[in-house]
$ cat upload_11.cif   # mmCIF, C-alpha atoms
data_structure
#
loop_
_atom_site.label_atom_id
_atom_site.label_comp_id
_atom_site.auth_asym_id
_atom_site.auth_seq_id
_atom_site.Cartn_x
_atom_site.Cartn_y
_atom_site.Cartn_z
CA MET A 1 0.00 0.00 0.00
CA ASN A 2 1.83 3.07 -1.19
CA ALA A 3 -0.18 6.18 -0.48
CA PRO A 4 1.23 9.46 -1.74
CA SER A 5 3.08 11.51 0.78
CA PRO A 6 0.93 14.22 2.38
CA GLY A 7 3.90 15.98 3.91
CA SER A 8 7.00 14.59 2.35
CA VAL A 9 9.00 17.82 2.53
CA GLY A 10 8.20 18.44 6.20
CA PRO A 11 10.40 17.31 9.08
CA PRO A 12 9.22 14.54 11.40
CA ALA A 13 6.38 15.45 13.73
CA ASP A 14 8.44 14.10 16.61
CA HIS A 15 11.99 15.42 16.34
CA SER A 16 13.51 13.13 18.97
CA LEU A 17 12.62 9.81 17.37
CA PRO A 18 14.88 8.49 14.59
CA ALA A 19 13.45 8.05 11.10
CA GLU A 20 14.02 4.33 11.62
CA ALA A 21 11.28 4.35 14.26
CA TYR A 22 8.74 5.66 11.76
CA ALA A 23 9.86 3.14 9.17
CA ARG A 24 9.71 0.25 11.64
CA MET A 25 6.24 1.17 12.88
CA THR A 26 5.03 1.49 9.29
CA PHE A 27 6.47 -1.95 8.58
CA VAL A 28 4.81 -3.47 11.65
CA LEU A 29 1.41 -2.07 10.72
CA ARG A 30 1.64 -3.18 7.11
CA LEU A 31 3.01 -6.62 7.87
CA GLY A 32 0.45 -7.27 10.59
CA LEU A 33 -2.44 -6.10 8.45
CA GLY A 34 -1.19 -8.05 5.44
CA VAL A 35 -0.76 -11.28 7.38
CA ALA A 36 -4.12 -10.90 9.11
CA LEU A 37 -5.95 -10.20 5.86
CA ALA A 38 -4.25 -13.12 4.11
CA ILE A 39 -5.26 -15.51 6.89
CA LEU A 40 -8.80 -14.13 7.11
CA GLY A 41 -9.22 -14.06 3.32
CA GLY A 42 -8.04 -17.64 2.95
CA GLY A 43 -10.17 -18.69 5.88
CA ILE A 44 -13.35 -17.12 4.56
CA VAL A 45 -12.89 -18.69 1.11
CA ALA A 46 -12.29 -22.08 2.72
CA TYR A 47 -15.37 -21.62 4.90
CA ILE A 48 -17.58 -20.81 1.89
CA LEU A 49 -16.27 -23.81 -0.02
CA ALA A 50 -16.72 -26.10 2.98
CA ASN A 51 -20.28 -24.89 3.64
CA PRO A 52 -22.03 -24.69 0.24
CA GLY A 53 -25.52 -24.54 1.70
CA ALA A 54 -24.77 -21.86 4.28
CA THR A 55 -26.79 -18.64 4.36
CA SER A 56 -26.27 -15.25 5.97
CA SER A 57 -28.81 -16.14 8.66
CA SER A 58 -27.00 -19.32 9.61
CA VAL A 59 -23.60 -17.64 9.92
CA LEU A 60 -25.01 -14.70 11.87
CA SER A 61 -26.59 -17.00 14.43
CA ASN A 62 -23.63 -19.38 14.80
CA ASN A 63 -20.19 -18.04 15.55
CA PRO A 64 -17.76 -20.74 14.32
CA ILE A 65 -14.85 -19.70 16.56
CA LEU A 66 -16.31 -20.15 20.03
CA ASP A 67 -14.36 -23.39 20.58
CA TYR A 68 -11.04 -21.72 19.76
CA LEU A 69 -11.03 -18.72 22.10
CA SER A 70 -8.66 -20.34 24.58
CA PHE A 71 -4.99 -21.04 23.86
CA PRO A 72 -5.39 -24.83 24.20
CA GLY A 73 -8.51 -24.79 22.03
CA LEU A 74 -6.82 -22.67 19.37
CA GLY A 75 -3.72 -24.88 19.39
CA SER A 76 -5.63 -28.10 18.94
CA GLY A 77 -7.88 -26.50 16.30
CA LEU A 78 -4.91 -25.36 14.26
CA ALA A 79 -3.31 -28.75 14.59
CA ASP A 80 -6.52 -30.31 13.26
CA GLY A 81 -6.69 -27.82 10.37
CA SER A 82 -9.97 -26.35 11.59
CA ILE A 83 -11.20 -23.38 9.52
CA GLY A 84 -12.63 -21.79 12.64
CA ALA A 85 -9.23 -21.94 14.31
CA VAL A 86 -7.57 -20.36 11.25
CA LEU A 87 -10.12 -17.52 11.29
CA THR A 88 -9.50 -17.05 15.01
CA LEU A 89 -5.78 -16.81 14.35
CA GLY A 90 -6.41 -14.12 11.72
CA LEU A 91 -8.45 -12.09 14.18
CA ILE A 92 -5.76 -12.45 16.85
CA VAL A 93 -3.08 -11.20 14.43
CA LEU A 94 -5.29 -8.23 13.54
CA VAL A 95 -5.78 -7.34 17.22
CA ALA A 96 -2.09 -7.86 17.97
CA THR A 97 -0.87 -5.54 15.20
CA PRO A 98 -1.44 -2.19 16.98
CA ILE A 99 -0.14 -3.77 20.18
CA LEU A 100 3.10 -4.60 18.40
CA ARG A 101 3.24 -0.97 17.31
CA VAL A 102 3.17 0.00 21.00
CA VAL A 103 6.03 -2.44 21.59
CA SER A 104 7.95 -0.73 18.78
CA GLY A 105 7.30 2.64 20.39
CA LEU A 106 8.56 1.32 23.71
CA TYR A 107 11.73 0.07 22.07
CA TYR A 108 12.53 3.37 20.35
CA PHE A 109 11.66 5.63 23.27
CA ARG A 110 14.00 3.47 25.37
CA LYS A 111 16.66 3.64 22.67
CA VAL A 112 16.70 7.46 22.70
CA GLY A 113 16.60 7.53 26.52
CA GLU A 114 13.19 9.13 26.95
CA ARG A 115 12.36 7.77 30.39
CA ALA A 116 9.04 9.55 30.75
CA MET A 117 7.77 8.25 27.39
CA VAL A 118 9.12 4.77 28.18
CA GLY A 119 7.04 4.77 31.36
CA ILE A 120 3.96 6.01 29.52
CA THR A 121 4.31 3.47 26.72
CA PHE A 122 4.98 0.62 29.14
CA ALA A 123 1.85 1.55 31.08
CA VAL A 124 -0.20 1.45 27.88
CA LEU A 125 1.21 -1.97 27.00
CA LEU A 126 0.59 -3.36 30.46
CA MET A 127 -3.02 -2.16 30.49
CA LEU A 128 -3.63 -3.67 27.07
CA LEU A 129 -2.24 -7.09 27.91
CA LEU A 130 -3.79 -7.38 31.35
CA GLY A 131 -7.11 -6.07 30.12
CA ILE A 132 -7.38 -8.40 27.15
CA LEU A 133 -6.03 -11.51 28.84
CA LEU A 134 -7.92 -11.11 32.09
CA ILE A 135 -11.11 -9.12 31.49
CA GLY A 136 -12.29 -10.73 28.22
CA PRO A 137 -12.28 -14.35 29.37
CA HIS A 138 -13.69 -13.33 32.75
CA VAL A 139 -16.81 -11.61 31.40
CA ARG A 140 -17.56 -14.24 28.73
CA MET B 1 -29.21 -14.76 1.47
CA ASP B 2 -26.55 -16.99 -0.11
CA LEU B 3 -23.30 -16.90 1.84
CA ALA B 4 -21.07 -15.97 -1.12
CA LEU B 5 -23.34 -13.03 -2.04
CA PHE B 6 -23.45 -12.01 1.61
CA VAL B 7 -19.65 -11.96 1.78
CA VAL B 8 -19.38 -9.87 -1.41
CA LEU B 9 -21.89 -7.33 -0.08
CA ILE B 10 -20.05 -7.16 3.24
CA ILE B 11 -16.79 -6.50 1.40
CA LEU B 12 -18.46 -3.60 -0.46
CA LEU B 13 -19.79 -2.30 2.85
CA GLY B 14 -16.26 -2.50 4.22
CA ILE B 15 -14.87 -0.52 1.30
CA ALA B 16 -17.40 2.26 1.93
CA ALA B 17 -16.64 2.21 5.65
CA GLY B 18 -12.90 2.34 5.10
CA LEU B 19 -13.21 5.25 2.72
CA VAL B 20 -15.43 7.26 5.05
CA GLY B 21 -13.38 6.29 8.06
CA SER B 22 -10.03 7.34 6.69
CA LEU B 23 -11.41 10.64 5.37
CA THR B 24 -13.06 11.67 8.61
CA GLY B 25 -10.81 10.31 11.35
CA LEU B 26 -13.55 7.88 12.33
CA GLY B 27 -12.69 4.23 12.37
CA GLY B 28 -15.42 3.29 9.92
CA GLY B 29 -17.37 1.41 12.56
CA VAL B 30 -19.85 4.26 12.59
CA VAL B 31 -20.91 3.17 9.09
CA VAL B 32 -20.55 -0.59 9.46
CA ILE B 33 -22.43 -1.11 12.71
CA PRO B 34 -25.75 0.54 11.79
CA LEU B 35 -25.76 -0.95 8.29
CA LEU B 36 -25.05 -4.45 9.57
CA ILE B 37 -27.97 -4.12 11.95
CA VAL B 38 -30.38 -2.49 9.49
CA PHE B 39 -29.63 -4.31 6.22
CA PHE B 40 -28.01 -7.57 7.25
CA GLY B 41 -29.87 -8.47 10.43
CA ALA B 42 -26.81 -8.70 12.67
CA SER B 43 -27.32 -8.58 16.43
CA VAL B 44 -26.08 -5.48 18.23
CA PRO B 45 -23.06 -7.13 19.96
CA ILE B 46 -21.97 -8.92 16.77
CA ALA B 47 -22.24 -5.63 14.88
CA ILE B 48 -20.18 -3.91 17.57
CA GLY B 49 -17.60 -6.70 17.49
CA THR B 50 -17.37 -6.27 13.73
CA GLY B 51 -17.03 -2.53 14.24
CA PHE B 52 -13.82 -3.14 16.15
CA VAL B 53 -12.42 -5.17 13.26
CA THR B 54 -13.29 -2.29 10.93
CA ILE B 55 -11.40 0.09 13.17
CA LEU B 56 -8.35 -2.15 13.37
CA ALA B 57 -8.17 -2.49 9.59
CA THR B 58 -8.68 1.24 8.98
CA SER B 59 -6.14 2.27 11.56
CA SER B 60 -3.48 -0.15 10.35
CA ALA B 61 -4.02 0.74 6.68
CA THR B 62 -4.14 4.53 7.00
CA GLY B 63 -1.98 4.68 10.10
CA ALA B 64 0.89 3.07 8.21
CA ALA B 65 0.81 5.74 5.48
CA TYR B 66 0.50 8.60 7.96
CA VAL B 67 3.31 7.29 10.16
CA ARG B 68 5.57 6.81 7.15
CA ASP B 69 4.91 10.40 6.08
CA HIS B 70 5.37 11.77 9.63
CA LEU B 71 1.85 13.23 9.65
CA SER B 72 0.87 11.20 12.74
CA ASP B 73 2.38 12.51 15.96
CA ILE B 74 3.56 9.32 17.67
CA ARG B 75 4.52 11.02 20.93
CA ILE B 76 1.17 12.76 21.39
CA GLY B 77 -0.70 9.63 20.33
CA MET B 78 1.17 7.42 22.77
CA PHE B 79 0.71 9.93 25.60
CA LEU B 80 -3.06 10.07 25.10
CA GLU B 81 -3.42 6.30 24.86
CA VAL B 82 -2.82 6.21 28.61
CA ALA B 83 -6.36 7.53 28.89
CA THR B 84 -8.10 5.81 25.96
CA VAL B 85 -7.03 2.22 26.71
CA PRO B 86 -8.56 1.94 30.22
CA GLY B 87 -11.63 3.71 28.89
CA ALA B 88 -11.96 1.16 26.09
CA LEU B 89 -11.53 -1.78 28.45
CA LEU B 90 -14.22 -0.33 30.70
CA GLY B 91 -16.57 0.37 27.79
CA ALA B 92 -16.24 -3.07 26.19
CA THR B 93 -16.81 -4.75 29.51
CA ALA B 94 -19.93 -2.65 30.01
CA THR B 95 -21.25 -3.67 26.57
CA VAL B 96 -20.76 -7.37 27.30
CA LEU B 97 -22.56 -7.02 30.63
CA ILE B 98 -25.38 -4.98 29.07
CA THR B 99 -25.78 -7.65 26.39
CA HIS B 100 -25.90 -10.37 29.02
CA ALA B 101 -28.67 -8.38 30.70
CA ASN B 102 -30.68 -8.33 27.42
CA LEU B 103 -30.57 -4.54 27.14
CA GLU B 104 -29.49 -4.30 23.49
CA SER B 105 -32.18 -1.71 22.71
CA ALA B 106 -30.65 0.59 25.30
CA LEU B 107 -27.28 0.16 23.57
CA LEU B 108 -28.84 1.20 20.26
CA VAL B 109 -30.41 4.35 21.72
CA ALA B 110 -27.17 5.24 23.48
CA PHE B 111 -25.27 4.69 20.23
CA GLY B 112 -27.61 7.04 18.39
CA ILE B 113 -27.21 9.68 21.08
CA VAL B 114 -23.44 9.40 20.89
CA LEU B 115 -23.59 9.92 17.12
CA PHE B 116 -25.79 13.01 17.63
CA ALA B 117 -23.35 14.35 20.21
CA ILE B 118 -20.52 14.66 17.73
CA ILE B 119 -22.39 16.89 15.28
CA PRO B 120 -22.55 20.26 17.15
CA GLY B 121 -18.86 20.26 17.96
CA SER B 122 -17.95 19.55 14.37
CA LEU B 123 -20.26 22.25 13.01
CA ALA B 124 -18.88 24.85 15.42
CA ARG B 125 -15.38 24.67 13.95
CA ARG B 126 -16.05 23.69 10.39
CA HIS B 127 -14.48 26.89 8.97
CA ILE B 128 -11.17 26.58 10.81
CA GLU B 129 -8.23 25.40 8.71
CA LEU B 130 -5.48 26.00 11.27
CA PRO B 131 -5.89 26.80 14.99
CA SER B 132 -4.69 30.02 16.62
CA PRO B 133 -1.46 29.53 18.61
CA GLN B 134 -1.87 28.72 22.33
CA PRO B 135 0.78 28.38 25.05
CA GLN B 136 2.03 24.91 26.06
CA ASP B 137 1.11 23.72 29.53
CA SER B 138 3.82 22.31 31.82
CA ARG B 139 3.08 18.64 31.02
CA SER B 140 3.16 19.27 27.29
CA SER B 141 6.44 21.12 27.65
CA TYR B 142 8.00 18.37 29.82
CA LEU B 143 7.03 15.63 27.35
CA GLY B 144 7.96 17.70 24.29
CA LEU B 145 4.53 17.59 22.66
CA THR B 146 5.45 19.72 19.65
CA GLY B 147 5.87 19.14 15.93
CA THR B 148 5.84 20.46 12.36
CA TYR B 149 4.33 19.23 9.11
CA HIS B 150 4.05 20.48 5.56
CA ASP B 151 0.49 21.19 4.43
CA ASN B 152 0.27 20.53 0.68
CA VAL B 153 -3.05 22.33 0.23
CA LEU B 154 -1.90 25.49 2.04
CA ASP B 155 1.63 25.01 0.65
CA GLN B 156 3.34 25.96 3.89
CA ASP B 157 5.11 24.38 6.87
CA VAL B 158 2.86 24.34 9.91
CA ALA B 159 4.29 24.20 13.44
CA TYR B 160 2.15 23.18 16.40
CA GLN B 161 2.44 22.51 20.12
CA GLY B 162 0.19 20.69 22.55
CA ALA B 163 -1.81 22.92 24.88
CA ARG B 164 -4.33 21.88 27.55
CA THR B 165 -3.34 18.27 28.25
CA THR B 166 -5.48 17.68 31.35
CA PRO B 167 -8.87 18.21 29.68
CA ALA B 168 -7.54 16.39 26.62
CA LEU B 169 -6.80 13.33 28.76
CA GLY B 170 -10.29 13.53 30.25
CA VAL B 171 -11.93 13.67 26.83
CA MET B 172 -9.73 10.83 25.63
CA PHE B 173 -10.83 8.66 28.55
CA GLY B 174 -14.43 9.35 27.55
CA ALA B 175 -13.56 8.62 23.93
CA GLY B 176 -12.10 5.31 25.06
CA ILE B 177 -15.31 4.39 26.88
CA VAL B 178 -17.37 5.29 23.81
CA SER B 179 -15.06 3.28 21.58
CA GLY B 180 -15.15 0.27 23.85
CA MET B 181 -18.91 0.36 24.24
CA PHE B 182 -19.91 0.92 20.63
CA GLY B 183 -16.99 -0.21 18.47
CA ILE B 184 -16.79 3.10 16.66
CA GLY B 185 -13.22 4.05 17.45
CA GLY B 186 -14.20 7.25 19.20
CA GLY B 187 -12.30 9.00 16.45
CA VAL B 188 -14.70 11.92 16.36
CA PHE B 189 -14.11 12.67 20.02
CA LYS B 190 -10.39 12.12 19.65
CA VAL B 191 -10.19 14.53 16.75
CA LEU B 192 -12.17 17.09 18.72
CA ALA B 193 -9.90 16.69 21.77
CA LEU B 194 -6.78 16.95 19.64
CA GLU B 195 -8.09 20.11 17.98
CA ARG B 196 -9.92 21.87 20.80
CA PHE B 197 -7.70 21.10 23.78
CA LEU B 198 -4.30 20.19 22.40
CA ASN B 199 -4.88 22.80 19.67
CA LEU B 200 -3.46 20.68 16.83
CA PRO B 201 -4.13 21.35 13.13
CA MET B 202 -6.95 19.31 11.58
CA LYS B 203 -4.78 17.08 9.40
CA VAL B 204 -2.42 16.21 12.27
CA SER B 205 -5.45 15.57 14.47
CA THR B 206 -7.01 13.26 11.89
CA ALA B 207 -3.79 11.35 11.23
CA THR B 208 -2.93 11.04 14.93
CA SER B 209 -6.49 9.93 15.69
CA ASN B 210 -6.21 7.25 13.01
CA PHE B 211 -2.91 6.20 14.56
CA MET B 212 -4.43 6.03 18.05
CA ILE B 213 -7.71 4.30 17.39
CA GLY B 214 -6.01 1.03 16.52
CA VAL B 215 -4.68 0.69 20.05
CA THR B 216 -7.99 1.75 21.57
CA ALA B 217 -9.79 -0.73 19.33
CA ALA B 218 -7.34 -3.50 20.21
CA ALA B 219 -8.35 -3.10 23.85
CA GLY B 220 -12.06 -3.25 23.06
CA ALA B 221 -11.70 -5.93 20.39
CA GLY B 222 -9.68 -8.13 22.71
CA VAL B 223 -12.48 -8.10 25.27
CA MET B 224 -15.24 -8.65 22.67
CA LEU B 225 -13.28 -11.41 20.91
CA ALA B 226 -12.62 -13.27 24.13
CA ALA B 227 -16.28 -12.86 25.06
CA GLY B 228 -17.36 -14.47 21.76
CA TYR B 229 -18.83 -11.39 20.08
CA VAL B 230 -16.57 -11.19 17.01
CA ASN B 231 -17.93 -13.38 14.20
CA PRO B 232 -15.20 -13.87 11.58
CA ILE B 233 -17.65 -14.71 8.77
CA VAL B 234 -18.82 -11.12 9.05
CA ALA B 235 -15.61 -9.58 10.34
CA ALA B 236 -13.21 -11.05 7.77
CA PRO B 237 -14.92 -9.57 4.66
CA VAL B 238 -15.35 -6.28 6.50
CA ALA B 239 -11.64 -6.21 7.33
CA ILE B 240 -10.65 -6.90 3.72
CA GLY B 241 -13.02 -4.27 2.32
CA THR B 242 -12.15 -1.71 4.97
CA ALA B 243 -8.42 -2.01 4.40
CA PHE B 244 -8.92 -1.38 0.68
CA GLY B 245 -11.32 1.53 1.28
CA ALA B 246 -9.01 3.06 3.85
CA TYR B 247 -6.15 2.87 1.39
CA LEU B 248 -8.21 4.73 -1.19
CA GLY B 249 -9.11 7.31 1.45
CA SER B 250 -5.50 7.86 2.45
CA ARG B 251 -4.74 8.73 -1.17
CA VAL B 252 -7.55 11.30 -1.22
CA LEU B 253 -6.98 12.98 2.17
CA PRO B 254 -3.83 14.98 1.36
CA GLY B 255 -5.60 16.82 -1.46
CA LEU B 256 -8.70 17.74 0.52
CA ARG B 257 -9.28 20.91 2.49
CA ASN B 258 -10.21 20.34 6.12
CA ARG B 259 -13.67 21.83 5.70
CA THR B 260 -14.42 19.33 2.95
CA VAL B 261 -13.46 16.47 5.23
CA ARG B 262 -15.80 17.71 7.93
CA LEU B 263 -18.75 18.36 5.67
CA LEU B 264 -18.37 14.92 4.14
CA PHE B 265 -19.20 13.00 7.26
CA LEU B 266 -21.73 15.14 9.17
CA PRO B 267 -24.84 14.22 7.10
CA VAL B 268 -23.87 10.55 7.27
CA VAL B 269 -23.57 10.70 11.03
CA ALA B 270 -26.94 12.47 11.39
CA VAL B 271 -28.84 9.90 9.31
CA LEU B 272 -27.28 6.95 11.12
CA ALA B 273 -27.96 8.53 14.52
CA ILE B 274 -31.66 8.92 13.76
CA GLU B 275 -31.88 5.35 12.49
CA MET B 276 -30.27 3.92 15.63
CA VAL B 277 -32.48 5.84 18.03
CA LEU B 278 -35.64 4.85 16.14
CA ARG B 279 -34.60 1.19 16.13
CA GLY B 280 -33.73 1.33 19.81
CA PHE B 281 -37.29 2.45 20.50
CA GLY B 282 -38.67 -0.25 18.18
CA LEU B 283 -39.51 2.13 15.32
CA PRO B 284 -37.51 0.93 12.27
#
$ encode --input "upload_11.cif" --output "structure tokens"
Amino acid sequence: MNAPSPGSVGPPADHSLPAEAYARMTFVLRLGLGVALAILGGGIVAYILANPGATSSSVLSNNPILDYLSFPGLGSGLADGSIGAVLTLGLIVLVATPILRVVSGLYYFRKVGERAMVGITFAVLLMLLLGILLIGPHVR
Amino acid sequence: MDLALFVVLIILLGIAAGLVGSLTGLGGGVVVIPLLIVFFGASVPIAIGTGFVTILATSSATGAAYVRDHLSDIRIGMFLEVATVPGALLGATATVLITHANLESALLVAFGIVLFAIIPGSLARRHIELPSPQPQDSRSSYLGLTGTYHDNVLDQDVAYQGARTTPALGVMFGAGIVSGMFGIGGGVFKVLALERFLNLPMKVSTATSNFMIGVTAAAGAGVMLAAGYVNPIVAAPVAIGTAFGAYLGSRVLPGLRNRTVRLLFLPVVAVLAIEMVLRGFGLP
């Protein structure tokens, strides 16, 4: 995805971060999105082919990934080649992509010695991981 | 409806959502959620779960281009995510609990009200291209919340600095709750906070909002996914369509004047808000 540059002649918005940080975060976002879409795209095609009589009503009333929302369930589903497990994996990659961008930010703020921003970014990461891993399964 | 046709239509819906989302700073969920409910018969929580996927795709697609071109302010975005992430976790948890209590109609009405709430603020500043300079507060100065970008439409370098960070954090927490509850990214509120309180130019606000909403959405999506409210047969085509639409939008944004961007999305928001409130009261 190569969008034209909206501000190519301007200096970086954040003068303290190296250009490499911008490039790496761009790479993370693109790679994560690309991988997630490839998995989801392949999964949806496989699902359609495997369910020729399926309708919109049937898929809206039956979520095919409910058995794969735990790590053991996802692992065994992938090992069995389950389409539902593959679709779950695609969704997890999509959710993880912006989180990996936060990890990139943490790395580069640490690299340039910005202790305050390291603390802020680490707090964001911690809240994300604890929230997703603890709250979601608990309220299910 | 046949599943293959359903998937094709959902992809087209995603393209429209991605286009609108990337042009307005919304995540696109504001388009996807009501249309999934109205035209495709999706339940409210499944529509909201799909909204998160829309946001994630939009943010990753447009966010990548804006980060590469240094239009997104990473430092300001990261700083404000301290407020949006806990808000999103709280909001998504509330939606799951409300759904468990069979109060989906209340969610619809609240969603419509939230959509209405964004219109006055947008209308009030629709003629402003660049904000008047304001002094940095101490927190903004300590964290170095400043930057510069080149505006192609105005053909000039534009410098900016973050102003009132405390109210901005408060609004961002609220935006996080809204995002987590309704799967809409809260981009409208984020853009308003970035403009009104931090006093950032519209294009930086839009790009930084797009950059931020992915993290906010990841928090909400993680909760909804784990709770079983993200259906990939709906979400996967939406993600594919949204990513493509967002890419198209990111190619259009640099050539648009800010006022055009605002005027593009306000009528859409108004129509969808009315529809959601009517449905919430059982008047489709």
$ closest_residue --input "upload_11.cif" --among "A:Tyr22, A:Ser82, A:Ile39, A:Ile135" --to "B:Leu71" --atoms "all atoms listed in the file"
A:Tyr22
$ residues_around --input "upload_11.cif" --residues "A:Leu91" --least-positions-apart "6" --cutoff "12 Å" --atoms "all atoms listed in the file" --output "count of residues only"
44
$ residues_around --input "upload_11.cif" --residues "A:Asp67" --least-positions-apart "3" --cutoff "12 Å" --atoms "only C-alpha atoms" --output "PDB file with C-alpha atoms, keeping the file's coordinate frame"
ATOM      1  CA  ASN A  62     -23.630 -19.380  14.800  1.00  0.00           C
ATOM      2  CA  ASN A  63     -20.190 -18.040  15.550  1.00  0.00           C
ATOM      3  CA  PRO A  64     -17.760 -20.740  14.320  1.00  0.00           C
ATOM      4  CA  SER A  70      -8.660 -20.340  24.580  1.00  0.00           C
ATOM      5  CA  PHE A  71      -4.990 -21.040  23.860  1.00  0.00           C
ATOM      6  CA  PRO A  72      -5.390 -24.830  24.200  1.00  0.00           C
ATOM      7  CA  GLY A  73      -8.510 -24.790  22.030  1.00  0.00           C
ATOM      8  CA  LEU A  74      -6.820 -22.670  19.370  1.00  0.00           C
ATOM      9  CA  GLY A  75      -3.720 -24.880  19.390  1.00  0.00           C
ATOM     10  CA  SER A  76      -5.630 -28.100  18.940  1.00  0.00           C
ATOM     11  CA  GLY A  77      -7.880 -26.500  16.300  1.00  0.00           C
ATOM     12  CA  LEU A  78      -4.910 -25.360  14.260  1.00  0.00           C
ATOM     13  CA  SER A  82      -9.970 -26.350  11.590  1.00  0.00           C
ATOM     14  CA  ILE A  83     -11.200 -23.380   9.520  1.00  0.00           C
ATOM     15  CA  GLY A  84     -12.630 -21.790  12.640  1.00  0.00           C
ATOM     16  CA  ALA A  85      -9.230 -21.940  14.310  1.00  0.00           C
ATOM     17  CA  VAL A  86      -7.570 -20.360  11.250  1.00  0.00           C
ATOM     18  CA  LEU A  87     -10.120 -17.520  11.290  1.00  0.00           C
ATOM     19  CA  THR A  88      -9.500 -17.050  15.010  1.00  0.00           C
TER      20      THR A  88
ATOM     21  CA  ALA B 226     -12.620 -13.270  24.130  1.00  0.00           C
ATOM     22  CA  ALA B 227     -16.280 -12.860  25.060  1.00  0.00           C
ATOM     23  CA  GLY B 228     -17.360 -14.470  21.760  1.00  0.00           C
TER      24      GLY B 228
END
$ closest_residue --input "upload_11.cif" --among "B:Val277, B:Ala94, B:Val82, B:Leu198" --to "B:Gln134" --atoms "all atoms listed in the file"
B:Leu198
$ atom_distance --input "upload_11.cif" --atom1 "atom CA of A:Thr26" --atom2 "atom CA of B:Thr146"
21.0 Å
$ resolve_selection --input "upload_11.cif" --expression "the PyMOL selection byres ((chain B) within 6 of (chain A))" --output "MDAnalysis selection string"
chainID B and resid 1:3 60 64 67:70 73 82 147:150 214:215 218:219 222:223 226:227 231 236 251 254
$ closest_residue --input "upload_11.cif" --among "A:Ser104, A:Val112, A:Asp80, A:Val93" --to "B:Met78" --atoms "only C-alpha atoms"
A:Ser104
$ resolve_selection --input "upload_11.cif" --expression "the PyMOL selection byres ((chain B and resi 110) around 10)" --output "PyMOL selection string"
chain B and resi 104-109+111-116+178+181-182+273+276-277+280
$ closest_residue --input "upload_11.cif" --among "A:Tyr108, A:Leu126, A:Leu89, A:Ala79" --to "A:Pro18" --atoms "all atoms listed in the file"
A:Tyr108
$ closest_residue --input "upload_11.cif" --among "B:Val171, B:Val188, B:Leu145, B:Val20" --to "B:Leu248" --atoms "all atoms listed in the file"
B:Val20
$ atom_distance --input "upload_11.cif" --atom1 "atom CA of B:Val30" --atom2 "atom CA of B:Gly174"
16.7 Å
$ resolve_selection --input "upload_11.cif" --expression "the PyMOL selection byres ((chain B and resi 204) around 10)" --output "PyMOL selection string"
(chain A and resi 13) or (chain B and resi 66+70-73+147-149+151+158+160+191+194-195+200-203+205-210)
$ closest_residue --input "upload_11.cif" --among "B:Thr62, B:Thr93, B:Ser140, B:Thr84" --to "B:Gly185" --atoms "only C-alpha atoms"
B:Thr84
$ atom_distance --input "upload_11.cif" --atom1 "atom CA of B:Phe189" --atom2 "atom CA of B:Ala175"
5.7 Å
$ build_atoms --input "upload_11.cif" --residues "stretch 83-93 of chain A" --atoms "N, CA and C atoms" --output "PDB file, keeping the file's coordinate frame"
ATOM      1  N   ILE A  83     -11.049 -24.708  10.131  1.00  0.00           N
ATOM      2  CA  ILE A  83     -11.200 -23.380   9.520  1.00  0.00           C
ATOM      3  C   ILE A  83     -11.510 -22.334  10.578  1.00  0.00           C
ATOM      4  N   GLY A  84     -12.305 -22.720  11.561  1.00  0.00           N
ATOM      5  CA  GLY A  84     -12.630 -21.790  12.640  1.00  0.00           C
ATOM      6  C   GLY A  84     -11.386 -21.347  13.394  1.00  0.00           C
ATOM      7  N   ALA A  85     -10.472 -22.276  13.605  1.00  0.00           N
ATOM      8  CA  ALA A  85      -9.230 -21.940  14.310  1.00  0.00           C
ATOM      9  C   ALA A  85      -8.365 -20.995  13.455  1.00  0.00           C
ATOM     10  N   VAL A  86      -8.340 -21.245  12.153  1.00  0.00           N
ATOM     11  CA  VAL A  86      -7.570 -20.360  11.250  1.00  0.00           C
ATOM     12  C   VAL A  86      -8.154 -18.943  11.283  1.00  0.00           C
ATOM     13  N   LEU A  87      -9.479 -18.849  11.234  1.00  0.00           N
ATOM     14  CA  LEU A  87     -10.120 -17.520  11.290  1.00  0.00           C
ATOM     15  C   LEU A  87      -9.831 -16.833  12.626  1.00  0.00           C
ATOM     16  N   THR A  88      -9.827 -17.627  13.692  1.00  0.00           N
ATOM     17  CA  THR A  88      -9.500 -17.050  15.010  1.00  0.00           C
ATOM     18  C   THR A  88      -8.075 -16.503  15.015  1.00  0.00           C
ATOM     19  N   LEU A  89      -7.167 -17.255  14.422  1.00  0.00           N
ATOM     20  CA  LEU A  89      -5.780 -16.810  14.350  1.00  0.00           C
ATOM     21  C   LEU A  89      -5.670 -15.482  13.587  1.00  0.00           C
ATOM     22  N   GLY A  90      -6.410 -15.370  12.489  1.00  0.00           N
ATOM     23  CA  GLY A  90      -6.410 -14.120  11.720  1.00  0.00           C
ATOM     24  C   GLY A  90      -6.889 -12.940  12.551  1.00  0.00           C
ATOM     25  N   LEU A  91      -7.932 -13.165  13.320  1.00  0.00           N
ATOM     26  CA  LEU A  91      -8.450 -12.090  14.180  1.00  0.00           C
ATOM     27  C   LEU A  91      -7.434 -11.714  15.255  1.00  0.00           C
ATOM     28  N   ILE A  92      -6.759 -12.720  15.811  1.00  0.00           N
ATOM     29  CA  ILE A  92      -5.760 -12.450  16.850  1.00  0.00           C
ATOM     30  C   ILE A  92      -4.594 -11.627  16.272  1.00  0.00           C
ATOM     31  N   VAL A  93      -4.161 -11.962  15.068  1.00  0.00           N
ATOM     32  CA  VAL A  93      -3.080 -11.200  14.430  1.00  0.00           C
ATOM     33  C   VAL A  93      -3.520  -9.747  14.204  1.00  0.00           C
TER      34      VAL A  93
END
